[in-house]
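To be precise, the following lines are model-v5.cif, and they hold mmCIF, C-alpha atoms and all ligand atoms.
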```
data_target
loop_
_atom_site.label_atom_id
_atom_site.label_comp_id
_atom_site.auth_asym_id
_atom_site.auth_seq_id
_atom_site.Cartn_x
_atom_site.Cartn_y
_atom_site.Cartn_z
CA PRO D 1 10.11 -10.77 -29.64
CA TYR D 2 6.92 -8.74 -29.29
CA ASP D 3 5.06 -7.97 -32.51
CA GLY D 4 1.82 -6.55 -31.11
CA PRO D 5 0.49 -2.97 -31.24
CA ARG D 6 3.01 -0.19 -30.50
CA ALA D 7 2.87 2.43 -27.76
CA GLU D 8 1.53 5.18 -30.07
CA GLU D 9 -1.42 3.06 -31.19
CA ILE D 10 -2.29 1.95 -27.67
CA PHE D 11 -2.04 5.52 -26.42
CA ARG D 12 -4.35 6.73 -29.19
CA LYS D 13 -6.95 4.10 -28.22
CA ARG D 14 -6.55 4.96 -24.58
CA VAL D 15 -7.26 8.62 -25.28
CA GLU D 16 -10.32 7.74 -27.37
CA PHE D 17 -11.84 4.80 -25.48
CA LEU D 18 -10.59 4.85 -21.90
CA SER D 19 -11.21 7.11 -18.94
CA PRO D 20 -9.95 10.64 -19.52
CA SER D 21 -8.89 10.69 -15.86
CA LEU D 22 -6.14 8.08 -16.38
CA PHE D 23 -2.73 9.59 -15.73
CA HIS D 24 0.81 8.55 -16.45
CA PHE D 25 4.14 9.45 -14.90
CA TYR D 26 6.31 9.68 -18.00
CA ASP D 27 6.43 12.20 -20.86
CA ARG D 28 6.14 9.20 -23.17
CA PRO D 29 4.34 6.31 -21.41
CA LEU D 30 5.93 2.89 -21.79
CA ASN D 31 4.32 -0.08 -23.47
CA ILE D 32 5.31 -2.85 -21.05
CA VAL D 33 4.89 -6.25 -22.65
CA ASP D 34 6.77 -8.66 -20.37
CA GLY D 35 7.77 -8.95 -16.74
CA LYS D 36 10.24 -11.22 -15.02
CA MET D 37 10.94 -10.90 -11.29
CA GLN D 38 12.34 -7.36 -10.70
CA TYR D 39 12.48 -6.53 -14.41
CA LEU D 40 10.02 -5.16 -16.96
CA PHE D 41 10.49 -5.21 -20.74
CA ASP D 42 9.07 -2.77 -23.28
CA GLU D 43 7.95 -3.37 -26.87
CA ASP D 44 11.54 -3.18 -28.13
CA GLY D 45 12.79 -5.70 -25.59
CA ARG D 46 14.41 -2.92 -23.54
CA ARG D 47 14.85 -3.98 -19.92
CA TYR D 48 13.92 -1.80 -16.94
CA LEU D 49 14.68 -2.35 -13.28
CA ASP D 50 11.32 -2.02 -11.56
CA ALA D 51 11.65 -0.15 -8.27
CA PHE D 52 7.92 0.58 -8.02
CA GLY D 53 6.06 -2.59 -9.04
CA GLY D 54 6.02 -3.82 -5.48
CA ILE D 55 3.42 -1.34 -4.47
CA ALA D 56 1.17 -1.74 -7.45
CA THR D 57 0.77 -5.44 -7.21
CA VAL D 58 3.87 -7.50 -7.24
CA CYS D 59 5.28 -8.76 -4.03
CA CYS D 60 7.55 -11.70 -4.87
CA GLY D 61 8.49 -10.74 -8.44
CA HIS D 62 6.75 -10.29 -11.80
CA CYS D 63 5.34 -13.57 -13.11
CA HIS D 64 6.99 -15.55 -10.33
CA PRO D 65 6.91 -19.13 -11.69
CA ASP D 66 5.43 -20.69 -8.52
CA VAL D 67 2.60 -18.15 -8.42
CA VAL D 68 1.90 -18.43 -12.15
CA GLU D 69 1.82 -22.21 -11.85
CA ALA D 70 -0.65 -22.11 -8.96
CA ILE D 71 -2.92 -19.67 -10.83
CA VAL D 72 -2.81 -21.57 -14.12
CA ASN D 73 -3.39 -24.96 -12.51
CA GLN D 74 -6.39 -23.63 -10.61
CA ALA D 75 -7.79 -21.85 -13.70
CA LYS D 76 -7.59 -25.14 -15.60
CA ARG D 77 -9.53 -26.96 -12.89
CA ILE D 78 -12.28 -24.58 -11.84
CA GLN D 79 -12.85 -20.85 -11.54
CA HIS D 80 -16.16 -19.90 -9.96
CA SER D 81 -17.70 -17.89 -7.17
CA THR D 82 -16.65 -19.26 -3.81
CA VAL D 83 -19.90 -18.44 -2.11
CA LEU D 84 -22.04 -21.31 -3.36
CA TYR D 85 -19.83 -24.40 -3.07
CA LEU D 86 -16.83 -25.61 -1.17
CA ASN D 87 -13.32 -25.35 -2.57
CA HIS D 88 -10.12 -26.00 -0.70
CA ALA D 89 -8.19 -23.03 -2.21
CA ILE D 90 -10.07 -20.41 -0.19
CA ALA D 91 -9.97 -22.39 3.05
CA ASP D 92 -6.26 -23.16 2.74
CA PHE D 93 -5.35 -19.55 2.02
CA ALA D 94 -7.52 -18.28 4.90
CA GLU D 95 -5.80 -20.72 7.26
CA ALA D 96 -2.36 -19.66 6.02
CA LEU D 97 -3.18 -15.95 6.40
CA ALA D 98 -4.59 -16.48 9.89
CA SER D 99 -1.34 -18.19 10.89
CA LYS D 100 0.49 -14.95 10.02
CA MET D 101 -1.68 -12.88 12.39
CA PRO D 102 -1.11 -12.05 16.06
CA GLY D 103 -3.69 -12.37 18.83
CA ASP D 104 -7.15 -13.64 18.02
CA LEU D 105 -7.19 -12.27 14.46
CA LYS D 106 -8.22 -15.37 12.55
CA VAL D 107 -11.43 -14.86 10.59
CA VAL D 108 -10.89 -13.81 6.97
CA PHE D 109 -13.33 -12.11 4.55
CA PHE D 110 -12.03 -11.98 1.00
CA THR D 111 -12.69 -9.11 -1.42
CA ASN D 112 -11.34 -8.07 -4.83
CA SER D 113 -9.51 -4.88 -3.90
CA GLY D 114 -8.19 -2.71 -1.12
CA THR D 115 -11.12 -0.33 -1.43
CA GLU D 116 -13.60 -3.16 -0.92
CA ALA D 117 -11.63 -4.49 2.02
CA ASN D 118 -11.60 -1.10 3.76
CA GLU D 119 -15.29 -0.46 2.99
CA LEU D 120 -16.09 -3.77 4.68
CA ALA D 121 -13.81 -3.02 7.64
CA LEU D 122 -15.49 0.35 8.21
CA MET D 123 -18.91 -1.27 8.03
CA ILE D 124 -17.92 -4.00 10.49
CA ALA D 125 -16.63 -1.37 12.95
CA ARG D 126 -19.90 0.56 12.66
CA LEU D 127 -22.06 -2.54 13.09
CA TYR D 128 -20.04 -3.85 16.02
CA THR D 129 -20.07 -0.59 17.96
CA GLY D 130 -23.44 0.79 16.89
CA CYS D 131 -21.65 4.11 16.29
CA ASN D 132 -21.00 5.96 13.05
CA ASP D 133 -17.99 8.21 13.63
CA ILE D 134 -14.68 7.08 12.15
CA ILE D 135 -11.32 8.75 12.68
CA SER D 136 -8.64 8.59 10.00
CA LEU D 137 -5.38 10.43 9.44
CA ARG D 138 -4.83 13.45 7.25
CA ASN D 139 -2.73 12.45 4.24
CA GLY D 140 -3.97 8.84 4.44
CA TYR D 141 -5.31 6.89 1.46
CA HIS D 142 -7.88 4.13 1.93
CA GLY D 143 -9.81 3.77 -1.33
CA ASN D 144 -12.10 5.35 -3.87
CA ALA D 145 -15.66 4.33 -2.92
CA ALA D 146 -17.90 6.59 -0.81
CA GLY D 147 -16.82 5.36 2.64
CA THR D 148 -13.15 4.92 1.87
CA MET D 149 -12.99 8.20 -0.04
CA GLY D 150 -14.30 9.74 3.17
CA ALA D 151 -11.50 8.11 5.15
CA THR D 152 -8.96 9.18 2.52
CA ALA D 153 -7.69 12.62 3.49
CA GLN D 154 -6.00 14.23 0.49
CA SER D 155 -7.98 16.58 -1.75
CA ASN D 156 -6.20 15.09 -4.80
CA TRP D 157 -8.24 11.90 -4.42
CA LYS D 158 -11.60 13.33 -3.37
CA PHE D 159 -14.66 13.99 -5.49
CA ASN D 160 -17.52 16.06 -4.20
CA VAL D 161 -19.88 13.20 -3.34
CA VAL D 162 -21.33 12.29 0.05
CA GLN D 163 -18.58 10.92 2.36
CA THR D 164 -19.98 11.36 5.84
CA GLY D 165 -18.96 10.30 9.28
CA VAL D 166 -15.19 10.64 9.10
CA HIS D 167 -13.00 13.01 11.14
CA HIS D 168 -9.43 13.56 10.00
CA ALA D 169 -6.85 13.72 12.74
CA LEU D 170 -3.53 15.58 12.65
CA ASN D 171 -1.00 13.56 10.73
CA PRO D 172 1.87 12.42 12.97
CA ASP D 173 4.35 13.30 10.22
CA PRO D 174 7.86 13.67 11.64
CA TYR D 175 9.07 15.74 8.65
CA ARG D 176 6.22 18.22 8.10
CA GLY D 177 4.05 17.82 11.19
CA ALA D 178 3.72 20.50 13.90
CA PHE D 179 4.99 18.28 16.74
CA GLY D 180 7.95 16.68 14.94
CA SER D 181 8.54 13.15 16.20
CA ASP D 182 6.46 13.43 19.38
CA GLY D 183 3.79 10.78 18.71
CA GLU D 184 1.88 11.33 21.95
CA LYS D 185 1.28 15.01 21.22
CA TYR D 186 -0.36 14.18 17.91
CA ALA D 187 -2.47 11.52 19.63
CA ARG D 188 -4.05 14.22 21.80
CA ASP D 189 -5.80 15.44 18.67
CA VAL D 190 -7.61 12.09 18.47
CA GLN D 191 -8.81 12.66 22.04
CA GLU D 192 -9.99 16.16 21.14
CA ILE D 193 -11.83 14.97 18.03
CA ILE D 194 -13.69 12.48 20.20
CA GLU D 195 -14.47 15.09 22.86
CA PHE D 196 -15.47 17.96 20.59
CA GLY D 197 -16.66 16.23 17.42
CA THR D 198 -18.60 13.15 18.57
CA THR D 199 -20.92 11.93 21.31
CA GLY D 200 -17.87 10.61 23.09
CA ARG D 201 -18.23 7.20 21.47
CA VAL D 202 -16.79 6.26 18.08
CA ALA D 203 -16.98 3.32 15.67
CA GLY D 204 -13.28 3.19 14.98
CA PHE D 205 -9.96 4.47 13.79
CA ILE D 206 -8.24 3.54 10.54
CA SER D 207 -4.65 4.19 9.53
CA GLU D 208 -1.75 2.87 7.53
CA ALA D 209 1.41 1.92 9.46
CA ILE D 210 3.46 3.88 6.91
CA GLN D 211 1.50 6.10 4.52
CA GLY D 212 2.07 4.93 0.95
CA VAL D 213 0.20 7.19 -1.48
CA GLY D 214 0.82 10.03 0.99
CA GLY D 215 4.55 9.80 0.27
CA ILE D 216 5.98 7.08 2.54
CA VAL D 217 5.28 8.92 5.78
CA GLU D 218 6.31 6.99 8.89
CA LEU D 219 4.05 7.77 11.82
CA ALA D 220 5.86 9.43 14.71
CA PRO D 221 7.02 6.89 17.32
CA GLY D 222 4.51 6.26 20.08
CA TYR D 223 1.58 7.60 18.06
CA LEU D 224 -0.27 4.39 17.22
CA PRO D 225 -0.20 2.86 20.72
CA ALA D 226 -1.47 6.14 22.19
CA ALA D 227 -4.15 6.61 19.51
CA TYR D 228 -5.34 2.98 19.82
CA ASP D 229 -5.65 3.46 23.56
CA ILE D 230 -7.74 6.60 23.20
CA VAL D 231 -9.99 5.10 20.52
CA ARG D 232 -10.60 1.92 22.53
CA LYS D 233 -11.53 3.96 25.60
CA ALA D 234 -14.21 5.58 23.42
CA GLY D 235 -15.51 2.13 22.45
CA GLY D 236 -14.02 2.13 18.96
CA LEU D 237 -12.24 -0.57 16.94
CA CYS D 238 -8.77 -0.05 15.53
CA ILE D 239 -8.30 -0.88 11.85
CA ALA D 240 -4.85 -1.35 10.31
CA ASP D 241 -4.77 -0.73 6.56
CA GLU D 242 -1.92 -3.00 5.47
CA VAL D 243 -2.55 -2.64 1.73
CA GLN D 244 0.93 -1.16 1.26
CA ALA D 245 2.85 -1.72 4.49
CA GLY D 246 1.87 -5.37 4.93
CA VAL D 247 3.06 -8.73 3.64
CA ALA D 248 6.77 -8.58 4.60
CA ARG D 249 7.46 -5.25 2.84
CA THR D 250 8.86 -3.37 5.84
CA GLY D 251 11.36 -6.17 6.39
CA SER D 252 11.54 -5.94 10.19
CA HIS D 253 8.03 -7.40 10.53
CA PHE D 254 5.50 -9.22 8.41
CA TRP D 255 2.84 -6.57 9.10
CA GLY D 256 3.51 -2.84 9.29
CA PHE D 257 1.52 -2.42 12.52
CA GLU D 258 3.85 -4.85 14.29
CA GLY D 259 6.58 -2.24 13.90
CA HIS D 260 4.49 0.05 16.15
CA GLY D 261 3.88 -2.59 18.82
CA VAL D 262 0.09 -2.62 18.47
CA ILE D 263 -2.48 -5.32 17.72
CA PRO D 264 -5.43 -4.04 15.69
CA ASP D 265 -9.01 -5.31 15.90
CA ILE D 266 -9.31 -5.46 12.12
CA VAL D 267 -6.58 -5.76 9.47
CA THR D 268 -7.11 -5.08 5.77
CA MET D 269 -4.85 -5.98 2.86
CA ALA D 270 -4.74 -6.15 -0.96
CA LYS D 271 -2.28 -5.41 -3.78
CA GLY D 272 0.87 -7.46 -3.06
CA ILE D 273 -0.83 -10.49 -1.52
CA GLY D 274 -2.04 -11.53 -4.98
CA ASN D 275 1.26 -10.75 -6.78
CA GLY D 276 -0.76 -9.15 -9.55
CA ILE D 277 -4.04 -11.06 -9.22
CA PRO D 278 -6.90 -8.93 -7.81
CA ILE D 279 -7.57 -9.92 -4.23
CA GLY D 280 -8.16 -8.17 -0.93
CA ALA D 281 -8.92 -9.37 2.57
CA VAL D 282 -10.26 -8.29 5.94
CA VAL D 283 -9.08 -10.22 8.99
CA THR D 284 -10.70 -9.86 12.39
CA THR D 285 -11.56 -11.79 15.53
CA PRO D 286 -14.32 -14.42 15.67
CA GLU D 287 -16.30 -12.21 18.04
CA ILE D 288 -16.22 -9.14 15.80
CA ALA D 289 -16.81 -11.22 12.65
CA GLN D 290 -20.08 -12.37 14.17
CA VAL D 291 -21.73 -8.99 13.42
CA LEU D 292 -22.00 -9.84 9.73
CA THR D 293 -24.38 -12.69 10.51
CA CYS D 294 -27.16 -10.15 11.16
CA ARG D 295 -27.73 -10.01 7.36
CA SER D 296 -26.44 -11.81 4.27
CA TYR D 297 -23.05 -10.59 3.16
CA PHE D 298 -22.17 -11.55 -0.39
CA ASN D 299 -19.22 -10.90 -2.69
CA THR D 300 -19.32 -12.86 -5.97
CA PHE D 301 -15.61 -13.10 -6.65
CA GLY D 302 -14.12 -12.31 -3.24
CA GLY D 303 -11.95 -15.33 -2.46
CA ASN D 304 -12.46 -17.07 -5.81
CA PRO D 305 -10.31 -20.19 -6.28
CA VAL D 306 -7.86 -18.65 -8.78
CA SER D 307 -7.09 -15.58 -6.65
CA THR D 308 -6.77 -17.53 -3.43
CA ALA D 309 -4.57 -20.19 -5.04
CA GLY D 310 -2.33 -17.31 -6.18
CA GLY D 311 -2.36 -15.66 -2.75
CA HIS D 312 -1.46 -18.89 -1.01
CA ALA D 313 1.43 -19.43 -3.44
CA VAL D 314 2.69 -15.91 -2.59
CA LEU D 315 2.87 -16.75 1.12
CA LYS D 316 4.81 -19.93 0.33
CA VAL D 317 7.27 -18.07 -1.91
CA LEU D 318 7.86 -15.41 0.76
CA GLU D 319 8.81 -18.14 3.17
CA LYS D 320 10.80 -20.30 0.77
CA GLU D 321 12.86 -17.40 -0.58
CA LYS D 322 13.18 -15.59 2.77
CA LEU D 323 11.92 -12.41 1.15
CA GLN D 324 11.10 -10.61 4.39
CA GLU D 325 14.72 -11.00 5.43
CA ASN D 326 15.80 -9.78 1.99
CA ALA D 327 13.56 -6.71 2.36
CA PHE D 328 15.21 -6.01 5.70
CA VAL D 329 18.83 -6.51 4.62
CA VAL D 330 18.71 -4.99 1.14
CA GLY D 331 16.19 -2.32 2.15
CA SER D 332 18.45 -1.17 5.00
CA HIS D 333 21.41 -1.03 2.62
CA LEU D 334 19.38 0.95 0.08
CA LYS D 335 18.24 3.42 2.74
CA GLU D 336 21.83 3.92 3.87
CA GLN D 337 22.88 4.70 0.30
CA LEU D 338 19.94 7.08 -0.13
CA ASN D 339 21.06 8.93 2.99
CA LYS D 340 24.50 9.29 1.40
CA LEU D 341 22.85 10.78 -1.68
CA LYS D 342 21.12 13.22 0.65
CA GLU D 343 24.50 14.46 1.87
CA LYS D 344 25.54 15.04 -1.72
CA HIS D 345 22.36 16.58 -3.18
CA ASP D 346 20.73 19.53 -1.40
CA ILE D 347 17.49 18.86 -3.26
CA ILE D 348 16.88 15.77 -1.09
CA GLY D 349 15.01 17.06 1.95
CA ASP D 350 14.19 13.75 3.60
CA VAL D 351 14.87 10.02 3.31
CA ARG D 352 12.45 7.74 5.15
CA GLY D 353 10.66 4.43 5.37
CA LYS D 354 11.57 0.85 6.19
CA GLY D 355 12.60 -2.20 4.23
CA PHE D 356 11.29 -1.90 0.69
CA LEU D 357 8.85 0.90 1.52
CA LEU D 358 11.17 3.88 1.10
CA GLY D 359 10.61 7.54 0.29
CA VAL D 360 12.87 10.37 -0.87
CA GLU D 361 11.34 13.84 -0.65
CA LEU D 362 12.67 16.49 -3.03
CA VAL D 363 12.58 20.15 -1.95
CA THR D 364 14.05 23.24 -3.58
CA ASP D 365 14.72 24.79 -0.17
CA ARG D 366 15.56 22.58 2.83
CA GLU D 367 14.51 25.25 5.36
CA LYS D 368 11.16 26.05 3.80
CA LYS D 369 10.64 22.48 2.52
CA THR D 370 9.36 23.83 -0.79
CA PRO D 371 8.16 20.86 -2.88
CA ALA D 372 10.37 20.26 -5.95
CA LYS D 373 7.53 19.20 -8.26
CA ALA D 374 8.99 19.95 -11.68
CA GLU D 375 12.40 18.63 -10.68
CA ILE D 376 11.06 15.24 -9.58
CA SER D 377 9.43 14.66 -12.98
CA HIS D 378 12.68 15.50 -14.69
CA VAL D 379 14.62 13.04 -12.56
CA MET D 380 12.00 10.32 -13.05
CA ASN D 381 12.04 10.64 -16.82
CA HIS D 382 15.81 10.66 -16.87
CA MET D 383 15.96 7.55 -14.67
CA LYS D 384 13.53 5.81 -16.99
CA ASP D 385 15.78 6.62 -19.95
CA MET D 386 18.63 4.98 -18.03
CA GLY D 387 16.54 1.87 -17.38
CA VAL D 388 15.12 2.39 -13.89
CA LEU D 389 11.44 2.82 -13.00
CA VAL D 390 10.57 4.51 -9.73
CA GLY D 391 7.28 5.79 -8.31
CA LYS D 392 6.23 9.15 -7.00
CA GLY D 393 3.60 10.43 -4.61
CA GLY D 394 2.95 12.54 -1.56
CA PHE D 395 0.40 15.31 -1.25
CA TYR D 396 2.60 17.66 -3.30
CA GLY D 397 3.76 14.94 -5.70
CA ASN D 398 7.41 15.52 -4.80
CA VAL D 399 8.30 12.23 -3.08
CA PHE D 400 9.98 9.30 -4.77
CA ARG D 401 8.33 6.06 -3.75
CA ILE D 402 10.80 3.19 -3.85
CA THR D 403 8.86 -0.02 -3.50
CA PRO D 404 10.45 -2.79 -5.54
CA PRO D 405 9.40 -6.43 -5.66
CA LEU D 406 10.85 -8.11 -2.56
CA CYS D 407 13.38 -10.08 -4.66
CA PHE D 408 15.33 -6.84 -5.38
CA THR D 409 19.04 -7.52 -4.80
CA LYS D 410 21.94 -5.51 -3.37
CA GLU D 411 23.31 -5.13 -6.93
CA ASP D 412 19.93 -3.78 -8.06
CA SER D 413 20.05 -1.27 -5.19
CA ASP D 414 23.53 -0.11 -6.10
CA PHE D 415 22.52 0.30 -9.73
CA PHE D 416 19.42 2.22 -8.61
CA ILE D 417 21.58 4.57 -6.51
CA ASP D 418 24.04 5.19 -9.37
CA VAL D 419 21.20 6.02 -11.74
CA MET D 420 19.45 8.32 -9.25
CA ASP D 421 22.77 10.02 -8.50
CA ILE D 422 23.40 10.75 -12.19
CA ALA D 423 19.83 11.98 -12.76
CA LEU D 424 20.01 14.30 -9.73
CA SER D 425 23.45 15.60 -10.81
CA LYS D 426 22.08 16.53 -14.23
CA LEU D 427 19.28 18.69 -12.82
N1 LIG X 501 -5.30 1.39 1.10
C1 LIG X 501 -4.08 1.80 0.75
C2 LIG X 501 -3.08 2.07 1.83
C3 LIG X 501 -3.75 1.97 -0.60
O1 LIG X 501 -2.53 2.37 -0.94
C4 LIG X 501 -4.72 1.68 -1.58
C5 LIG X 501 -4.42 1.82 -3.07
N2 LIG X 501 -3.50 2.79 -3.41
C6 LIG X 501 -5.98 1.25 -1.17
C7 LIG X 501 -6.23 1.11 0.18
C8 LIG X 501 -7.05 0.93 -2.17
O2 LIG X 501 -6.76 -0.24 -2.83
P1 LIG X 501 -7.38 -0.56 -4.27
O3 LIG X 501 -6.79 0.39 -5.25
O4 LIG X 501 -7.02 -2.00 -4.50
O5 LIG X 501 -8.86 -0.38 -4.14
#
```
Give the structure from the file, written as structure tokens.
Amino acid sequence: PYDGPRAEEIFRKRVEFLSPSLFHFYDRPLNIVDGKMQYLFDEDGRRYLDAFGGIATVCCGHCHPDVVEAIVNQAKRIQHSTVLYLNHAIADFAEALASKMPGDLKVVFFTNSGTEANELALMIARLYTGCNDIISLRNGYHGNAAGTMGATAQSNWKFNVVQTGVHHALNPDPYRGAFGSDGEKYARDVQEIIEFGTTGRVAGFISEAIQGVGGIVELAPGYLPAAYDIVRKAGGLCIADEVQAGVARTGSHFWGFEGHGVIPDIVTMAKGIGNGIPIGAVVTTPEIAQVLTCRSYFNTFGGNPVSTAGGHAVLKVLEKEKLQENAFVVGSHLKEQLNKLKEKHDIIGDVRGKGFLLGVELVTDREKKTPAKAEISHVMNHMKDMGVLVGKGGFYGNVFRITPPLCFTKEDSDFFIDVMDIALSKL
């Protein structure tokens, strides 16, 4: 049993000593003291089914024994910067990641976070092309440093600091977008941005395959191939931000972009690949990678032995436990059940996503699509009281984000549905 500080004491310290901008989803934030696979445990030993941990960090399950073992064994041997000396952990993980990539994508740069990975990707695109203009999608999220905050296109996440050089294209959002599910129509906006907003040449285009923070928005079919085509004709590189959609989560494919039938020039990732350990990566072709040799590029802890040993163990677990297949089978079942809930509850305006990257948008009026902001908080708190943790997001904060660890079972899904059904019925 846990006998450490209680939630009230931790919360008091947080208010006094930590950033005042920290936020929490629940009326009374939980003190989570243990994690095991798809479960979290609070200070009283109360168990919660975690339907959101997947996105934050955990891909193959909280404290997965194989990953913990790899991390602990490496920490006992040596933890250092990888830049100065050789160590097999970084080389082995890079090789394993490269083997998961299509085309000529095989050179890996390691970072410590998704923000750092995207900052590096944007810089590589600018160096390679000699251009500055980047195109990203409205409603996308790419990070919180100057460049990536520029590429992020939601006012919720933007501070008024210099974020130049990014144009935000129409979001190919099938639910709220002007052109419905016609991907090619949205792609024309990319063409127009290039024609009217740049010299005609651009550095690149960055987008998620399914928008995560933006509320699990699937890009309209046909959009990415058309946009990639347009960007490449203007000399730009195409960057796939796989921080949320990557690493087996969508079930049908290992990488989210594969679901759109495109091959990017640069792929970025973070979060789940470390199963809780901070690590990010940029993968590109040998030719493009060459641009970084024009100067020294240094990242003290990017690719350190402990993080890369953990990342490599994650890839092995995914394979051994067939977790991509599980994401596909159980995720499809869960989506089917969510669609049934939609028939029963008028407040559900949309159910979307793939595998274990699912979204449920709540609206008070299906015609007007009025965001049900207060209602979603109610439902979330009630679900927590019944032992289920779920995420929320979207520009209006009215979308449930269902992104469990990939070991989530069919029984977990059915329990999740029962709990959501009760919470929605009590509204
Ligand atoms: N890209 C995407 C798609 C993300 O969801 C996030 C984090 N929410 C990031 C980049 C930034 O990652 P990090 O928080 O590790 O910097």
Restricting the calculation to all atoms listed in the file: of D:Val291, D:Val68, D:Ala270, D:Ala313, which residue gets closest to D:Asp92? D:Ala313
Report as a tab-separated table the residues of chain D within 7 Å of ligand LIG 501 (chain X), each with its shortest atom pair and distance in Å (one decimal), using only C-alpha atoms and all ligand atoms, ordered by chain and increasing residue number.
```
residue	atom	partner	partner_atom	distance
D:Ser113	CA	X:LIG501	O4	3.9
D:Gly114	CA	X:LIG501	O2	3.3
D:Thr115	CA	X:LIG501	O5	3.5
D:Glu116	CA	X:LIG501	O5	6.4
D:Asn118	CA	X:LIG501	C7	6.8
D:Tyr141	CA	X:LIG501	C1	5.3
D:His142	CA	X:LIG501	N1	3.9
D:Gly143	CA	X:LIG501	C8	4.0
D:Asn144	CA	X:LIG501	O5	6.6
D:Glu208	CA	X:LIG501	C2	5.9
D:Gln211	CA	X:LIG501	C2	6.7
D:Gly212	CA	X:LIG501	O1	5.6
D:Val213	CA	X:LIG501	O1	5.6
D:Asp241	CA	X:LIG501	C2	5.8
D:Glu242	CA	X:LIG501	C2	6.3
D:Val243	CA	X:LIG501	C2	4.7
D:Gln244	CA	X:LIG501	C2	5.2
D:Ala270	CA	X:LIG501	O4	5.9
D:Lys271	CA	X:LIG501	O4	5.9
```
Could you list, as a PyMOL selection string, every residue within 9 Å of D:His168, counting only C-alpha atoms and ignoring same-chain residues fewer than 3 positions away? chain D and resi 134-139+151-153+171+190+193
Expressed in Å to a single decimal, how great is the separation between atom CA of D:Val283 and atom CA of D:Gly183? 26.5 Å
Pairwise distance for atom CA of D:Leu334 and atom CA of D:Phe416, rounded to one decimal in Å: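 Distance between the two atoms: 8.8 Å.
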Report as a ChimeraX atom specification all protein, DNA and RNA residues lying within 10 Å of D:Trp255, evaluated on only C-alpha atoms, omitting residues in the same chain fewer than 3 positions from it. /D:100-102,209,240-252,258-260,267,269
Just to confirm, what's the straight-line distance from atom CA of D:Pro404 to atom CA of D:Gly256 in Å (one decimal)?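 Computing it gives 16.4 Å between the two atoms.
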Neighbouring residues of D:Leu341 were defined as those with any atom within 10 Å, considering all atoms listed in the file; residues of the same chain fewer than 5 positions away were excluded. Please report them as number ranges by chain. D: 335-336, 346-348, 351, 417-418, 420-421, 424
Using only C-alpha atoms, collect all residues at a distance of at most 10 Å from (14.0, -6.5, -1.5) as written in the file, then present them as a PDB file with C-alpha atoms, in the frame of the given file.
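Just written: selection04.pdb:
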```
ATOM      1  CA  GLN D  38      12.340  -7.360 -10.700  1.00  0.00           C
ATOM      2  CA  ALA D  51      11.650  -0.150  -8.270  1.00  0.00           C
ATOM      3  CA  GLY D  54       6.020  -3.820  -5.480  1.00  0.00           C
ATOM      4  CA  CYS D  59       5.280  -8.760  -4.030  1.00  0.00           C
ATOM      5  CA  CYS D  60       7.550 -11.700  -4.870  1.00  0.00           C
ATOM      6  CA  GLY D  61       8.490 -10.740  -8.440  1.00  0.00           C
ATOM      7  CA  ALA D 248       6.770  -8.580   4.600  1.00  0.00           C
ATOM      8  CA  ARG D 249       7.460  -5.250   2.840  1.00  0.00           C
ATOM      9  CA  THR D 250       8.860  -3.370   5.840  1.00  0.00           C
ATOM     10  CA  GLY D 251      11.360  -6.170   6.390  1.00  0.00           C
ATOM     11  CA  LEU D 323      11.920 -12.410   1.150  1.00  0.00           C
ATOM     12  CA  GLN D 324      11.100 -10.610   4.390  1.00  0.00           C
ATOM     13  CA  GLU D 325      14.720 -11.000   5.430  1.00  0.00           C
ATOM     14  CA  ASN D 326      15.800  -9.780   1.990  1.00  0.00           C
ATOM     15  CA  ALA D 327      13.560  -6.710   2.360  1.00  0.00           C
ATOM     16  CA  PHE D 328      15.210  -6.010   5.700  1.00  0.00           C
ATOM     17  CA  VAL D 329      18.830  -6.510   4.620  1.00  0.00           C
ATOM     18  CA  VAL D 330      18.710  -4.990   1.140  1.00  0.00           C
ATOM     19  CA  GLY D 331      16.190  -2.320   2.150  1.00  0.00           C
ATOM     20  CA  SER D 332      18.450  -1.170   5.000  1.00  0.00           C
ATOM     21  CA  LEU D 334      19.380   0.950   0.080  1.00  0.00           C
ATOM     22  CA  GLY D 355      12.600  -2.200   4.230  1.00  0.00           C
ATOM     23  CA  PHE D 356      11.290  -1.900   0.690  1.00  0.00           C
ATOM     24  CA  LEU D 357       8.850   0.900   1.520  1.00  0.00           C
ATOM     25  CA  THR D 403       8.860  -0.020  -3.500  1.00  0.00           C
ATOM     26  CA  PRO D 404      10.450  -2.790  -5.540  1.00  0.00           C
ATOM     27  CA  PRO D 405       9.400  -6.430  -5.660  1.00  0.00           C
ATOM     28  CA  LEU D 406      10.850  -8.110  -2.560  1.00  0.00           C
ATOM     29  CA  CYS D 407      13.380 -10.080  -4.660  1.00  0.00           C
ATOM     30  CA  PHE D 408      15.330  -6.840  -5.380  1.00  0.00           C
ATOM     31  CA  THR D 409      19.040  -7.520  -4.800  1.00  0.00           C
ATOM     32  CA  LYS D 410      21.940  -5.510  -3.370  1.00  0.00           C
ATOM     33  CA  ASP D 412      19.930  -3.780  -8.060  1.00  0.00           C
ATOM     34  CA  SER D 413      20.050  -1.270  -5.190  1.00  0.00           C
TER      35      SER D 413
END
```
Please provide the set of residues having any atom within 12 Å of D:Ser99, restricted to only C-alpha atoms, with same-chain residues fewer than 4 positions apart removed, written as a ChimeraX atom specification. /D:92-95,103-108,254,283,312,315
